[in-house]
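Accompanying notes for the structure given below.
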Amino acid sequence: MARLAVNVDHVATLREARGAAYPEPVAAAIAAETAGADGIVVHLREDRRHIHERDVRLIRKVVQSKLILEMAATSEMLGIALDIIPDAVTLVPEKREELTTEGGLDLITHQNHVREAVTTLKNAGIKVCIFIDPDLDQIKVAHKIDADMVEIHTGAFCDATTDSQKTREFSRIIDAAKIGDKLKLEVNAGHGICYNSIKAFKGLDEITEFSIGHSIVSRAVLTGMEQAVRDMKELISRL
C-alpha cells in the first residue's frame with residue numbers, strides 16, 4: 001500500500017488570511033498523524049506566505065512519523081534544513097508571483113546548482129526528493145545527480161478538463177513512474193490530487209507515496225482533519 005504524506009500548508013494559509021494565531025498547523029499535523037498519515041509535509045517559502053519557520057521547528061519536535069520539508073534550493077533554505085534536520089527534503093521551484101507551485105524543477109537547466117544542494121543535504125543525513133514534471137529526461141538527471149526520490153508533478157493530469165487530456169497526461173505519469181522505478185529511485189506523486197483523481201492511480205504500484213494537502217485540508221474544514229485523512233487513506237488502500 002502506498003503511503004500518504006499530508007501537507008498542512010493550507011491550515012497555515014487559513015491562519016494567515018486573518019493574521020490570527022489559529023488554526024494551528026502543528027495541531028493539524030498531530031491530528032493527521034493520529035488518523036494514520038505516514039508523514040507530514042510543509043513548504044517553507046521565501047515569502048513565508050503560509051508556513052513560518054516557527055511552524056517547521058515545532059512540527060519537527062512533535063511529528064512521530066516523518067517530516068518532509070519542501071523548499072527551494074537556496075542558501076537560506078539549505079541553512080534552515082541543516083539546522084532543523086527534517087527526515088527528507090523535497091526540492092521545488094519557487095516564484096513569488098505564483099499562486100502555488102506551477103511545475104517541476106528544470107534539472108536540465110539547473111543541474112549543477114541542484115546537484116550541490118543534493119550533496120549538501122545528503123552529507124547531513126537528509127534524504128532528498130526532487131519535484132519534477134513527468135518527463136523522462138528530467139528523471140534521468142535526478143538519478144544522475146544522486147537524488148534518493150522523485151515526486152512526479154501530477155497537476156497537469158489533475159487539472160485536465162477533457163478525457164483526451166487526462167489520458168495523455170496520465171500516460172506521461174505512468175512512463176515517468178516506471179523509468180524512475182527502473183533507475184532505483186523512490187517514486188512519489190503529488191500536486192492537485194483529490195478524492196476523485198486519486199482513483200486513477202489504481203494499479204500503478206511504482207508510486208510509493210502520495211503527497212496531498214489542499215484537498216485534505218478542504219475536506220477537513222467540513223469533516224475534521226482526522227476524518228479527512230482517514231477518508232484518503234481508505235481510498236489509497238484500494239489502489
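Following the order of the C-alpha cells, first chain is A, next is B, and so on, with residues numbered from 1 inside each chain and ligands from 1 in the order they appear.
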
Contacts of Ala73 (chain A) at 10 Å (only C-alpha atoms; same-chain gap of 6+ positions) as a list in words: Val89, Thr90, Leu91, Val92, Pro93, Glu94, His113, Val114, Arg115, Glu116, Ala117 and Val118 of chain A

Those selected residues, please, written with N, CA, C and O atoms and delivered as a short mmCIF file (atom, residue, chain, number, x, y, z; two decimals), in the first residue's frame.
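Saved result, result36.cif, follows:
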data_model
loop_
_atom_site.label_atom_id
_atom_site.label_comp_id
_atom_site.auth_asym_id
_atom_site.auth_seq_id
_atom_site.Cartn_x
_atom_site.Cartn_y
_atom_site.Cartn_z
N VAL A 89 13.93 16.17 2.46
CA VAL A 89 13.70 17.46 1.83
C VAL A 89 13.24 17.21 0.41
O VAL A 89 13.79 16.35 -0.29
N THR A 90 12.20 17.92 -0.02
CA THR A 90 11.78 17.91 -1.41
C THR A 90 12.14 19.26 -2.02
O THR A 90 11.64 20.30 -1.57
N LEU A 91 13.02 19.24 -2.99
CA LEU A 91 13.45 20.47 -3.65
C LEU A 91 12.44 20.83 -4.73
O LEU A 91 12.11 20.02 -5.59
N VAL A 92 11.93 22.07 -4.65
CA VAL A 92 10.88 22.52 -5.56
C VAL A 92 11.28 23.87 -6.17
O VAL A 92 12.06 24.63 -5.58
N PRO A 93 10.73 24.20 -7.34
CA PRO A 93 10.93 25.55 -7.88
C PRO A 93 10.02 26.52 -7.13
O PRO A 93 9.03 26.11 -6.52
N GLU A 94 10.37 27.78 -7.16
CA GLU A 94 9.56 28.74 -6.41
C GLU A 94 9.64 30.12 -7.05
O GLU A 94 10.73 30.61 -7.36
N HIS A 113 23.54 23.37 -9.97
CA HIS A 113 23.10 24.02 -8.73
C HIS A 113 22.35 23.04 -7.84
O HIS A 113 22.59 22.97 -6.63
N VAL A 114 21.45 22.28 -8.44
CA VAL A 114 20.66 21.34 -7.66
C VAL A 114 21.54 20.20 -7.15
O VAL A 114 21.38 19.72 -6.02
N ARG A 115 22.50 19.78 -7.95
CA ARG A 115 23.42 18.73 -7.52
C ARG A 115 24.14 19.14 -6.23
O ARG A 115 24.31 18.34 -5.30
N GLU A 116 24.57 20.40 -6.16
CA GLU A 116 25.26 20.89 -4.96
C GLU A 116 24.34 20.82 -3.74
O GLU A 116 24.77 20.44 -2.64
N ALA A 117 23.07 21.20 -3.93
CA ALA A 117 22.11 21.14 -2.83
C ALA A 117 21.88 19.70 -2.39
O ALA A 117 21.81 19.41 -1.19
N VAL A 118 21.75 18.80 -3.36
CA VAL A 118 21.54 17.38 -3.04
C VAL A 118 22.72 16.85 -2.22
O VAL A 118 22.53 16.19 -1.19
#

Within 10 Å of Lys140 (chain A) using only C-alpha atoms, minus same-chain residues under 6 positions, as a list of chain:residue names: A:Leu107, A:Ile108, A:Ala176, A:Ile179, A:Gly180, A:Leu183, A:Leu185

Every residue of region 44-233 of chain A that DSSP places in alpha helix (DSSP H), as a PyMOL selection string: chain A and resi 53-62+75-84+107-123+136-144+155-159+163-182+214-223+225-233

Residue set, region 6-154 of chain A restricted to strand (DSSP E or B), as a PDB file with C-alpha atoms, in the first residue's frame:
ATOM      1  CA  VAL A   6      -0.231  15.095   4.408  1.00  0.00           C
ATOM      2  CA  ASN A   7       0.688  18.672   3.569  1.00  0.00           C
ATOM      3  CA  GLY A  39       4.329  11.729   7.019  1.00  0.00           C
ATOM      4  CA  ILE A  40       3.789  15.464   7.350  1.00  0.00           C
ATOM      5  CA  VAL A  41       4.755  17.915   4.619  1.00  0.00           C
ATOM      6  CA  VAL A  42       5.391  21.650   4.996  1.00  0.00           C
ATOM      7  CA  HIS A  43       6.633  24.095   2.368  1.00  0.00           C
ATOM      8  CA  LEU A  67       8.781  15.407   8.463  1.00  0.00           C
ATOM      9  CA  ILE A  68       9.207  16.327   4.809  1.00  0.00           C
ATOM     10  CA  LEU A  69      10.360  19.898   4.195  1.00  0.00           C
ATOM     11  CA  GLU A  70       9.576  21.339   0.777  1.00  0.00           C
ATOM     12  CA  MET A  71      11.928  24.174  -0.125  1.00  0.00           C
ATOM     13  CA  ALA A  88      13.524  14.356   3.981  1.00  0.00           C
ATOM     14  CA  VAL A  89      13.700  17.464   1.827  1.00  0.00           C
ATOM     15  CA  THR A  90      11.783  17.907  -1.412  1.00  0.00           C
ATOM     16  CA  LEU A  91      13.447  20.474  -3.652  1.00  0.00           C
ATOM     17  CA  LYS A 127      17.089  12.118   2.177  1.00  0.00           C
ATOM     18  CA  VAL A 128      16.476  14.201  -0.917  1.00  0.00           C
ATOM     19  CA  CYS A 129      13.482  14.179  -3.235  1.00  0.00           C
ATOM     20  CA  ILE A 130      13.165  16.353  -6.334  1.00  0.00           C
ATOM     21  CA  PHE A 131       9.791  17.613  -7.539  1.00  0.00           C
ATOM     22  CA  ILE A 132       9.777  17.227 -11.310  1.00  0.00           C
ATOM     23  CA  MET A 149      13.495  10.124  -4.663  1.00  0.00           C
ATOM     24  CA  VAL A 150      11.460  11.992  -7.233  1.00  0.00           C
ATOM     25  CA  GLU A 151       7.990  13.408  -6.734  1.00  0.00           C
ATOM     26  CA  ILE A 152       6.122  13.455 -10.013  1.00  0.00           C
ATOM     27  CA  HIS A 153       4.148  16.633 -10.565  1.00  0.00           C
TER      28      HIS A 153
END

Who sits within 10 Å of Leu44 (chain A), only C-alpha atoms, same chain under 3 positions skipped, as a VMD selection string: chain A and resid 9 41 47 to 53 55 to 56 69 to 72 77 80

Just all heavy atoms for this one: save the residues we selected as a CSV table (one decimal), in the first residue's frame.
chain,number,residue,atom,x,y,z
A,9,ASP,N,0.2,22.9,4.8
A,9,ASP,CA,0.4,24.3,4.4
A,9,ASP,C,-0.9,25.2,4.5
A,9,ASP,O,-0.9,26.3,5.0
A,9,ASP,CB,0.9,24.4,3.0
A,9,ASP,CG,2.4,24.0,2.9
A,9,ASP,OD1,3.0,23.7,3.9
A,9,ASP,OD2,2.9,23.9,1.7
A,41,VAL,N,4.0,17.1,5.6
A,41,VAL,CA,4.8,17.9,4.6
A,41,VAL,C,4.5,19.4,4.9
A,41,VAL,O,3.3,19.8,5.2
A,41,VAL,CB,4.3,17.6,3.2
A,41,VAL,CG1,5.1,18.5,2.2
A,41,VAL,CG2,4.4,16.1,2.9
A,47,ASP,N,8.7,33.8,0.9
A,47,ASP,CA,7.9,34.9,1.3
A,47,ASP,C,7.1,34.6,2.6
A,47,ASP,O,6.3,35.4,3.1
A,47,ASP,CB,7.0,35.4,0.2
A,47,ASP,CG,6.0,34.3,-0.3
A,47,ASP,OD1,5.9,33.2,0.3
A,47,ASP,OD2,5.4,34.5,-1.4
A,48,ARG,N,7.2,33.3,3.1
A,48,ARG,CA,6.5,32.9,4.3
A,48,ARG,C,5.0,33.2,4.2
A,48,ARG,O,4.4,33.6,5.2
A,48,ARG,CB,7.1,33.6,5.5
A,48,ARG,CG,8.6,33.5,5.7
A,48,ARG,CD,9.1,32.1,5.8
A,48,ARG,NE,10.5,32.1,6.4
A,48,ARG,CZ,11.6,32.1,5.7
A,48,ARG,NH1,11.6,32.2,4.4
A,48,ARG,NH2,12.8,32.0,6.3
A,49,ARG,N,4.4,32.9,3.1
A,49,ARG,CA,3.0,33.2,2.8
A,49,ARG,C,2.1,32.4,3.7
A,49,ARG,O,0.9,32.7,3.9
A,49,ARG,CB,2.7,33.1,1.4
A,49,ARG,CG,2.7,31.7,0.8
A,49,ARG,CD,2.2,31.7,-0.6
A,49,ARG,NE,3.1,32.5,-1.5
A,49,ARG,CZ,3.0,32.5,-2.8
A,49,ARG,NH1,2.0,31.7,-3.4
A,49,ARG,NH2,3.8,33.2,-3.6
A,50,HIS,N,2.6,31.2,4.1
A,50,HIS,CA,1.7,30.4,4.9
A,50,HIS,C,2.5,29.8,6.1
A,50,HIS,O,2.4,30.2,7.2
A,50,HIS,CB,1.0,29.3,4.1
A,50,HIS,CG,1.7,28.6,3.0
A,50,HIS,ND1,2.9,28.0,3.2
A,50,HIS,CD2,1.4,28.5,1.7
A,50,HIS,CE1,3.3,27.5,2.0
A,50,HIS,NE2,2.4,27.8,1.1
A,51,ILE,N,3.3,28.8,5.8
A,51,ILE,CA,4.2,28.2,6.8
A,51,ILE,C,5.3,29.1,7.3
A,51,ILE,O,5.9,29.7,6.4
A,51,ILE,CB,4.7,26.8,6.4
A,51,ILE,CG1,3.6,25.8,6.2
A,51,ILE,CG2,5.8,26.3,7.3
A,51,ILE,CD1,3.0,25.3,7.5
A,52,HIS,N,5.5,29.2,8.6
A,52,HIS,CA,6.6,30.0,9.1
A,52,HIS,C,7.7,29.1,9.6
A,52,HIS,O,7.4,27.9,9.9
A,52,HIS,CB,6.1,30.9,10.2
A,52,HIS,CG,5.1,32.0,9.8
A,52,HIS,ND1,4.4,32.7,10.7
A,52,HIS,CD2,4.7,32.3,8.6
A,52,HIS,CE1,3.6,33.6,10.0
A,52,HIS,NE2,3.8,33.3,8.7
A,53,GLU,N,8.9,29.6,9.8
A,53,GLU,CA,10.0,28.8,10.4
A,53,GLU,C,9.6,28.2,11.8
A,53,GLU,O,9.9,27.1,12.1
A,53,GLU,CB,11.2,29.7,10.5
A,53,GLU,CG,12.5,28.9,10.8
A,53,GLU,CD,13.7,29.7,10.7
A,53,GLU,OE1,13.8,30.7,10.0
A,53,GLU,OE2,14.7,29.4,11.5
A,55,ASP,N,6.7,27.3,12.7
A,55,ASP,CA,5.8,26.1,12.5
A,55,ASP,C,6.7,24.8,12.2
A,55,ASP,O,6.4,23.8,12.7
A,55,ASP,CB,4.9,26.3,11.3
A,55,ASP,CG,4.0,27.5,11.4
A,55,ASP,OD1,3.6,27.8,12.6
A,55,ASP,OD2,3.7,28.2,10.4
A,56,VAL,N,7.7,25.0,11.3
A,56,VAL,CA,8.5,23.9,11.0
A,56,VAL,C,9.3,23.3,12.2
A,56,VAL,O,9.4,22.1,12.4
A,56,VAL,CB,9.6,24.3,9.9
A,56,VAL,CG1,10.4,23.1,9.5
A,56,VAL,CG2,8.9,24.9,8.7
A,69,LEU,N,10.3,18.4,4.4
A,69,LEU,CA,10.4,19.9,4.2
A,69,LEU,C,10.5,20.2,2.7
A,69,LEU,O,11.5,19.8,2.1
A,69,LEU,CB,11.6,20.5,4.9
A,69,LEU,CG,11.8,22.0,4.8
A,69,LEU,CD1,10.7,22.8,5.3
A,69,LEU,CD2,13.1,22.4,5.5
A,70,GLU,N,9.5,20.8,2.1
A,70,GLU,CA,9.6,21.3,0.8
A,70,GLU,C,10.3,22.7,0.8
A,70,GLU,O,9.9,23.6,1.6
A,70,GLU,CB,8.2,21.5,0.1
A,70,GLU,CG,7.5,20.1,-0.1
A,70,GLU,CD,6.2,20.3,-0.9
A,70,GLU,OE1,5.7,21.4,-0.9
A,70,GLU,OE2,5.7,19.3,-1.3
A,71,MET,N,11.2,22.9,-0.1
A,71,MET,CA,11.9,24.2,-0.1
A,71,MET,C,12.6,24.4,-1.5
A,71,MET,O,12.9,23.4,-2.2
A,71,MET,CB,13.0,24.2,1.0
A,71,MET,CG,14.0,23.0,0.9
A,71,MET,SD,15.2,23.1,2.2
A,71,MET,CE,16.7,23.1,1.2
A,72,ALA,N,13.0,25.6,-1.7
A,72,ALA,CA,13.8,26.0,-2.9
A,72,ALA,C,15.2,25.7,-2.5
A,72,ALA,O,15.6,25.7,-1.3
A,72,ALA,CB,13.6,27.4,-3.3
A,77,MET,N,17.5,28.5,2.6
A,77,MET,CA,16.7,27.3,3.0
A,77,MET,C,17.6,26.1,3.3
A,77,MET,O,17.3,25.3,4.2
A,77,MET,CB,15.8,26.9,1.8
A,77,MET,CG,14.7,27.9,1.6
A,77,MET,SD,13.7,28.1,3.1
A,77,MET,CE,12.8,29.7,2.7
A,80,ILE,N,18.5,26.5,6.9
A,80,ILE,CA,17.4,26.1,7.8
A,80,ILE,C,17.3,24.6,7.9
A,80,ILE,O,17.1,24.0,9.0
A,80,ILE,CB,16.1,26.8,7.3
A,80,ILE,CG1,16.2,28.3,7.6
A,80,ILE,CG2,14.9,26.2,8.1
A,80,ILE,CD1,15.0,29.1,6.9

Distance criterion (only C-alpha atoms): nearest to Ile207 (chain A) out of A:Ala147, A:Cys194, A:Ala29, A:Ala189: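 Result for the nearest residue to Ile207 (chain A): A:Ala189.
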
Pairwise distance for CA of Gly19 (chain A) and CA of Ile59 (chain A), rounded to one decimal in Å: 19.9 Å

Minimum-distance residue to Asp175 (chain A), chosen among A:Ile139, A:Lys233, A:Ile85, A:Lys61 (using only C-alpha atoms):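 Closest to Asp175 (chain A) of all the choices is A:Ile139.
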
For Phe157 (chain A), the nearest of the candidates A:Gly192, A:Gly36, A:Gly79, A:Gly125, counting only C-alpha atoms: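 Answer, going by the shortest atom-to-atom distance: A:Gly192.
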
Non-local contacts of region 212-214 of chain A (7 Å; only C-alpha atoms; under 5 positions in same chain excluded) as a list in words: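 My reading of the contact set: Ala5, Val6, Asn7, Val8, His10, Gly190, His191 and Ile193 of chain A.
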
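One distance worth recording is that between CA of Asp87 (chain A) and CA of Arg230 (chain A), which is 23.1 Å.
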